[in-house]
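Student: Attaching a single structure in structure tokens format; questions to follow.
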Amino acid sequence: MDKNWRSKFNESWKAENYQAMYEKIKVDFNHDLPFRMSETPGFFDQDFVKLIVDAANDIGSQIASKQILEFSDSVFDICPYKVPGDESLSSFFQADFGITIDEDGKIIPQLIEVQGFPSLYFYQSYLAHLYKDAYDLDQNLSIYLNGMVEERYFDHLKEIILNGESPENVVMLEIEPEKQNTYIDFLCTSQALGIKILCISKVIKDGKKLYYKDENGDLIAIKRIYNRIIFDELIQKKLDLDFNLTDEVEVTWAGHPNWFFKLSKFILPRLSGPFVPKSYFLNEAPLDTIDLNDYVLKPLFSFAGSGVVLNVNKEVLSHIQEPQNYILQKKVNYAPVIETPDGPSKCEIRIMYLWLSGDEKPTVVSNLLRMSKGEMIGVKYNKNKTWVGGSVGFSV
């Protein structure tokens with residue numbers, strides 16, 4: 001982390017600049033942000049940028065390997081939600097790294113999660129500009145990595161999401177999108193690409209063809225779906241649907257739903273290296289030789305930390321009915337590396353990748369930063385705390 005930028009920012013910080021960010025979102029989108037933005041961006045020096053990109057490239061190479069891709073297909077031996085029309089690669093990929101410090105005082109990124117699913121690709125770019133404008137920061141500061149620049153970044157996203165289709169025939173599909181915490185990203189995406197934000201309950205199915213009604217009540221053909229639906233939530237909502245994701249229909253996908261399962265916690269036990277904490281499938285774990293206090297229990301098929309058990313013991317494990325659907329992952333001790341006026345914050349960095357057609361592996365493009373002063377990253381661990389929440393990391 002860059003100490004000069006950090007101290008300069010902290011000394012000049014004003015509450016009114018921070019509040020101006022929320023007000024700008026309200027003006028631009030008539031939307032009240034339901035989650036917390038951090039008071040600050042991160043400032044990454046070039047040594048740290050190289051380290052995090054090296055870690056991200058290592059993970060990207062592993063998940064693109066023949067061994068991992070073949071193994072990922074076996075997730076459907078235990079997961080019943082397979083969707084027809086699978087693509088040959090995952091257009092979107094994310095890797096979350098917790099930032100730790102080793103015994104020698106060196107910063108080390110440690111992999112926490114992976115997901116073959118879109119993240120806040122459009123909002124993060126918008127947020128970067130919010131920070132720069134609100135705090136009068138250098139406009140040359142960039143959230144992009146690996147030589148990526150903003151114009152090419154948006155060109156890639158347009159290529160992946162539209163794939164040559166007219167924007168009116170491409171929909172961003174969600175469950176009650178206006179109620180989602182990430183609705184701001186949907187608004188940014190729709191503004192940038194001109195595509196419709198659509199609840200799955202509004203999709204009309206006629207044979208193998210899909211449609212939606214526009215503002216005039218006319219039927220518009222859906223030819224491509226930018227999928228933002230999480231199966232967990234879809235199952236819980238029990239909506240009355242004309243179209244189910246598992247139906248065989250004549251559409252193409254920007255981010256096929258199968259990759260949400262294939263590139264997920266399911267592959268963590270098969271990854272290795274200096275940036276990967278040890279993980280086991282619970283049914284394969286050497287329970288008699290590992291210290292359970294050093295591990296966290298995670299269900300394979302859950303989202304946003306649901307079902308995670310931090311304090312693991314044999315009593316807890318004795319109640320697990322389907323151990324093949326859980327992993328034990330070695331705990332990562334997040335380090336308080338970001339100095340703030342009311343004490344240092346820990347952070348987790350989501351590296352955002354795009355996997356372009358014809359490329360051998362996903363390309364590191366951008367980042368999302370989450371700051372915490374609690375036991376874990378997340379809202380419930382940071383109640384009544386400041387200088388925490390969603391942010392971006394600027395290269396300096």
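Labels for the structure tokens follow display order: chains A, B, ..., residues from 1 in each chain, ligands from 1.
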Please provide as a compact mmCIF listing (two decimals) with N, CA and C atoms, in the first residue's frame all residues within 12 Å of A:Asn10, with the sequence filter that same-chain residues fewer than 2 positions apart are discarded (counting only C-alpha atoms).
Tutor:
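Output file out.txt follows:
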# COMPACT_ATOMS: atom_id res chain seq x y z
N LYS A 3 2.08 4.59 1.20
CA LYS A 3 1.95 5.36 2.43
C LYS A 3 1.78 6.86 2.17
N ASN A 4 2.43 7.37 1.13
CA ASN A 4 2.33 8.81 0.86
C ASN A 4 0.91 9.20 0.46
N TRP A 5 0.33 8.46 -0.48
CA TRP A 5 -1.05 8.73 -0.88
C TRP A 5 -1.99 8.53 0.30
N ARG A 6 -1.73 7.49 1.10
CA ARG A 6 -2.61 7.18 2.23
C ARG A 6 -2.65 8.33 3.22
N SER A 7 -1.49 8.80 3.64
CA SER A 7 -1.45 9.86 4.65
C SER A 7 -2.00 11.17 4.09
N LYS A 8 -1.71 11.48 2.84
CA LYS A 8 -2.23 12.70 2.22
C LYS A 8 -3.75 12.67 2.15
N SER A 12 -6.56 15.12 4.37
CA SER A 12 -7.41 16.07 3.66
C SER A 12 -8.88 15.62 3.59
N TRP A 13 -9.20 14.47 4.17
CA TRP A 13 -10.55 13.91 4.05
C TRP A 13 -11.59 14.81 4.72
N LYS A 14 -12.74 14.95 4.03
CA LYS A 14 -13.85 15.72 4.59
C LYS A 14 -15.14 14.94 4.40
N ALA A 15 -15.98 14.98 5.43
CA ALA A 15 -17.24 14.23 5.38
C ALA A 15 -18.12 14.67 4.23
N GLU A 39 -15.21 5.12 3.00
CA GLU A 39 -14.82 6.53 2.92
C GLU A 39 -13.61 6.75 2.03
N THR A 40 -12.93 5.69 1.68
CA THR A 40 -11.67 5.85 0.96
C THR A 40 -11.46 4.77 -0.09
N PRO A 41 -10.79 5.11 -1.17
CA PRO A 41 -10.27 4.06 -2.05
C PRO A 41 -8.97 3.51 -1.46
N GLY A 42 -8.48 2.43 -2.06
CA GLY A 42 -7.14 1.96 -1.73
C GLY A 42 -6.14 2.58 -2.69
N PHE A 43 -4.91 2.72 -2.23
CA PHE A 43 -3.83 3.23 -3.07
C PHE A 43 -2.73 2.18 -3.11
N TYR A 135 -13.21 13.73 -4.37
CA TYR A 135 -12.03 14.10 -3.58
C TYR A 135 -10.98 14.85 -4.40
N ILE A 338 -4.65 -1.01 5.83
CA ILE A 338 -5.07 0.31 5.36
C ILE A 338 -5.29 1.22 6.55
N GLU A 339 -4.42 2.20 6.71
CA GLU A 339 -4.53 3.13 7.84
C GLU A 339 -5.70 4.09 7.61
N THR A 340 -6.52 4.25 8.65
CA THR A 340 -7.64 5.19 8.58
C THR A 340 -7.65 6.03 9.86
N PRO A 341 -8.37 7.14 9.87
CA PRO A 341 -8.37 8.01 11.06
C PRO A 341 -8.88 7.35 12.32
N ASP A 342 -9.69 6.28 12.22
CA ASP A 342 -10.16 5.62 13.44
C ASP A 342 -9.69 4.17 13.54
N GLY A 343 -8.47 3.94 13.10
CA GLY A 343 -7.88 2.62 13.21
C GLY A 343 -7.79 1.92 11.86
N PRO A 344 -6.83 1.00 11.70
CA PRO A 344 -6.59 0.38 10.40
C PRO A 344 -7.70 -0.59 9.99
N TRP A 387 -15.09 3.76 7.72
CA TRP A 387 -13.96 3.45 6.84
C TRP A 387 -13.94 1.95 6.53
Student: What's around stretch 102-111 of chain A at 6 Å? Count only C-alpha atoms, leave out sequence neighbours fewer than 5 positions away in its own chain, and write the answer as a list in words.
Tutor: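 The filter keeps Asp96, Phe97, Phe275 and Val276 of chain A.
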Student: Among stretch 153-353 of chain A, which residues does DSSP mark as alpha helix (DSSP H) when it is run on the backbone? Keep the chain and numbering as in the structure and answer as a ChimeraX atom specification.
Tutor: /A:153-162,183-193,231-237,258-262,314-318
Student: Using only C-alpha atoms, determine which residues lie at most 12 Å from A:Ser74, disregarding the query and same-chain residues fewer than 4 positions distant; provide the list as a list in words.
Tutor: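 The residues that qualify are Gln67, Ile68, Leu69, Glu70, Ile78, Cys79, Pro80, Lys82, Asn258, Trp259, Phe261, Lys262, Leu263, Phe266 and Ile267 of chain A.
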Student: Using only C-alpha atoms, which residue out of A:Asn169, A:Asn313, A:Gln115, A:Gln46 lies closest to A:Asn146?
Tutor: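 Checking each candidate against A:Asn146, we get A:Gln46 as the closest.
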